[in-house]
Amino acid sequence: MPTYVLMSRLSPEVTRNMRNREEIGKEWKQRIAHQVPEVRWLAHYALLGPYDFLDIYEAPNEEAAAKVSMISLTLGAVRAESWTAIPYARFLELSKEV
């Protein structure tokens, strides 16, 4: 399955009350599990910088990845971008074809 990276930034309303962060995060994971059950999570990180979270996951296609971003937006993210990630070994193979 293709690998994707989700970069998300939370809205000021969500970040004002960080005590509810765990509850919102659980709801987010449950909604994705229900609406996009084929997604497989590989990693989840909180960040310091222009984005609040980085998630690495596998999804069958870009439509499923888009759903992950859209669900994130409905639960308090002001920015949610899913990027395609190519394993480095495969990238090297592709570079030899150019």
# chains A, B, ... in the order shown; residues from 1 in each chain; ligands from 1
>>> residues_around(residues="range 4-20 of chain A", least_positions_apart="2", cutoff="7 Å", atoms="only C-alpha atoms", output="ChimeraX atom specification")
/A:2,22-24,51-58,76-85
>>> write_last_selection(atoms="C-alpha atoms", output="CSV table (one decimal), in the first residue's frame")
chain,number,residue,atom,x,y,z
A,2,PRO,CA,1.2,3.5,-0.6
A,22,GLU,CA,-6.6,13.3,24.2
A,23,GLU,CA,-10.3,13.0,23.9
A,24,ILE,CA,-10.3,14.8,20.5
A,51,TYR,CA,2.7,22.0,12.2
A,52,ASP,CA,1.4,20.4,15.4
A,53,PHE,CA,1.3,16.8,14.3
A,54,LEU,CA,3.0,14.5,11.8
A,55,ASP,CA,1.3,11.1,11.1
A,56,ILE,CA,2.7,8.4,8.8
A,57,TYR,CA,0.2,5.9,7.5
A,58,GLU,CA,-0.6,3.6,4.6
A,76,GLY,CA,-10.3,21.1,14.6
A,77,ALA,CA,-7.4,21.2,12.2
A,78,VAL,CA,-7.1,24.4,10.2
A,79,ARG,CA,-4.6,22.8,7.9
A,80,ALA,CA,-4.3,19.1,7.1
A,81,GLU,CA,-2.1,18.0,4.2
A,82,SER,CA,-1.6,14.4,3.1
A,83,TRP,CA,1.6,14.0,1.1
A,84,THR,CA,2.7,10.9,-0.8
A,85,ALA,CA,5.9,9.3,0.6
>>> select_by_dssp(residues="chain A", states="strand (DSSP E or B)", output="count of residues only")
30
>>> atom_distance(atom1="CA of Tyr88 in chain A", atom2="CA of Tyr45 in chain A")
20.6 Å
>>> residues_around(residues="Pro60 in chain A", least_positions_apart="2", cutoff="12 Å", atoms="only C-alpha atoms", output="number ranges by chain")
A: 1-4, 36-40, 57-58, 62-68, 84
>>> write_last_selection(atoms="N, CA and C atoms", output="CSV table (one decimal), in the first residue's frame")
chain,number,residue,atom,x,y,z
A,1,MET,N,0.8,-1.2,0.0
A,1,MET,CA,0.0,0.0,0.0
A,1,MET,C,0.9,1.2,0.0
A,2,PRO,N,0.4,2.3,-0.7
A,2,PRO,CA,1.2,3.5,-0.6
A,2,PRO,C,1.3,4.1,0.8
A,3,THR,N,2.4,4.8,1.0
A,3,THR,CA,2.6,5.5,2.3
A,3,THR,C,2.3,7.0,2.1
A,4,TYR,N,1.7,7.6,3.1
A,4,TYR,CA,1.4,9.0,3.2
A,4,TYR,C,1.8,9.6,4.5
A,36,VAL,N,-12.6,5.2,7.1
A,36,VAL,CA,-11.6,4.7,6.2
A,36,VAL,C,-10.8,3.6,6.9
A,37,PRO,N,-11.5,2.4,7.0
A,37,PRO,CA,-10.9,1.3,7.8
A,37,PRO,C,-9.7,0.7,7.2
A,38,GLU,N,-9.4,0.9,6.0
A,38,GLU,CA,-8.2,0.3,5.3
A,38,GLU,C,-6.9,1.1,5.7
A,39,VAL,N,-7.0,2.2,6.3
A,39,VAL,CA,-5.8,3.0,6.7
A,39,VAL,C,-5.1,2.2,7.8
A,40,ARG,N,-3.8,2.2,7.7
A,40,ARG,CA,-2.9,1.5,8.7
A,40,ARG,C,-1.9,2.5,9.2
A,57,TYR,N,1.1,7.0,7.6
A,57,TYR,CA,0.2,5.9,7.5
A,57,TYR,C,0.2,5.4,6.0
A,58,GLU,N,-0.4,4.2,5.9
A,58,GLU,CA,-0.6,3.6,4.6
A,58,GLU,C,-2.1,3.6,4.3
A,62,GLU,N,-5.1,7.7,-3.1
A,62,GLU,CA,-5.1,9.1,-2.7
A,62,GLU,C,-6.5,9.5,-2.3
A,63,GLU,N,-7.6,8.8,-2.7
A,63,GLU,CA,-8.9,9.1,-2.2
A,63,GLU,C,-9.1,8.8,-0.7
A,64,ALA,N,-8.5,7.7,-0.3
A,64,ALA,CA,-8.5,7.4,1.1
A,64,ALA,C,-7.7,8.4,1.9
A,65,ALA,N,-6.5,8.7,1.4
A,65,ALA,CA,-5.7,9.7,2.0
A,65,ALA,C,-6.4,11.1,2.1
A,66,ALA,N,-7.2,11.4,1.1
A,66,ALA,CA,-7.9,12.7,1.1
A,66,ALA,C,-8.9,12.7,2.3
A,67,LYS,N,-9.6,11.5,2.5
A,67,LYS,CA,-10.6,11.4,3.5
A,67,LYS,C,-9.9,11.6,4.9
A,68,VAL,N,-8.7,11.1,5.1
A,68,VAL,CA,-8.0,11.3,6.4
A,68,VAL,C,-7.8,12.8,6.6
A,84,THR,N,2.3,12.2,-0.4
A,84,THR,CA,2.7,10.9,-0.8
A,84,THR,C,4.2,10.8,-0.4
>>> decode(residues="range 10-54 of chain A", atoms="C-alpha atoms", output="JSON list (two decimals), in the first residue's frame")
[["chain", "number", "residue", "atom", "x", "y", "z"],
["A", 10, "LEU", "CA", -4.75, 22.71, 14.99],
["A", 11, "SER", "CA", -7.11, 25.65, 15.21],
["A", 12, "PRO", "CA", -6.63, 28.19, 18.02],
["A", 13, "GLU", "CA", -9.93, 27.02, 19.54],
["A", 14, "VAL", "CA", -8.56, 23.49, 19.95],
["A", 15, "THR", "CA", -5.17, 24.59, 21.26],
["A", 16, "ARG", "CA", -6.72, 26.89, 23.91],
["A", 17, "ASN", "CA", -7.85, 23.84, 25.87],
["A", 18, "MET", "CA", -5.12, 21.23, 25.53],
["A", 19, "ARG", "CA", -6.65, 19.19, 28.37],
["A", 20, "ASN", "CA", -9.23, 17.90, 25.87],
["A", 21, "ARG", "CA", -6.57, 16.98, 23.32],
["A", 22, "GLU", "CA", -6.57, 13.28, 24.21],
["A", 23, "GLU", "CA", -10.35, 13.05, 23.87],
["A", 24, "ILE", "CA", -10.31, 14.82, 20.49],
["A", 25, "GLY", "CA", -7.47, 12.57, 19.33],
["A", 26, "LYS", "CA", -9.43, 9.45, 20.26],
["A", 27, "GLU", "CA", -12.49, 10.71, 18.40],
["A", 28, "TRP", "CA", -10.29, 11.47, 15.36],
["A", 29, "LYS", "CA", -8.83, 7.95, 15.31],
["A", 30, "GLN", "CA", -12.27, 6.37, 15.78],
["A", 31, "ARG", "CA", -13.79, 8.36, 12.91],
["A", 32, "ILE", "CA", -10.95, 7.41, 10.59],
["A", 33, "ALA", "CA", -11.20, 3.75, 11.65],
["A", 34, "HIS", "CA", -14.93, 3.83, 10.93],
["A", 35, "GLN", "CA", -14.89, 5.87, 7.70],
["A", 36, "VAL", "CA", -11.56, 4.73, 6.22],
["A", 37, "PRO", "CA", -10.94, 1.31, 7.82],
["A", 38, "GLU", "CA", -8.25, 0.35, 5.33],
["A", 39, "VAL", "CA", -5.84, 2.99, 6.72],
["A", 40, "ARG", "CA", -2.92, 1.50, 8.68],
["A", 41, "TRP", "CA", -1.07, 3.82, 11.07],
["A", 42, "LEU", "CA", 2.73, 3.63, 11.17],
["A", 43, "ALA", "CA", 3.67, 6.59, 13.41],
["A", 44, "HIS", "CA", 2.22, 9.64, 15.17],
["A", 45, "TYR", "CA", 4.33, 12.58, 16.40],
["A", 46, "ALA", "CA", 3.60, 15.89, 18.09],
["A", 47, "LEU", "CA", 5.80, 18.64, 16.64],
["A", 48, "LEU", "CA", 7.28, 21.98, 17.61],
["A", 49, "GLY", "CA", 7.12, 24.27, 14.59],
["A", 50, "PRO", "CA", 4.66, 25.32, 11.89],
["A", 51, "TYR", "CA", 2.69, 22.04, 12.18],
["A", 52, "ASP", "CA", 1.36, 20.45, 15.36],
["A", 53, "PHE", "CA", 1.32, 16.79, 14.28],
["A", 54, "LEU", "CA", 2.95, 14.46, 11.79]]
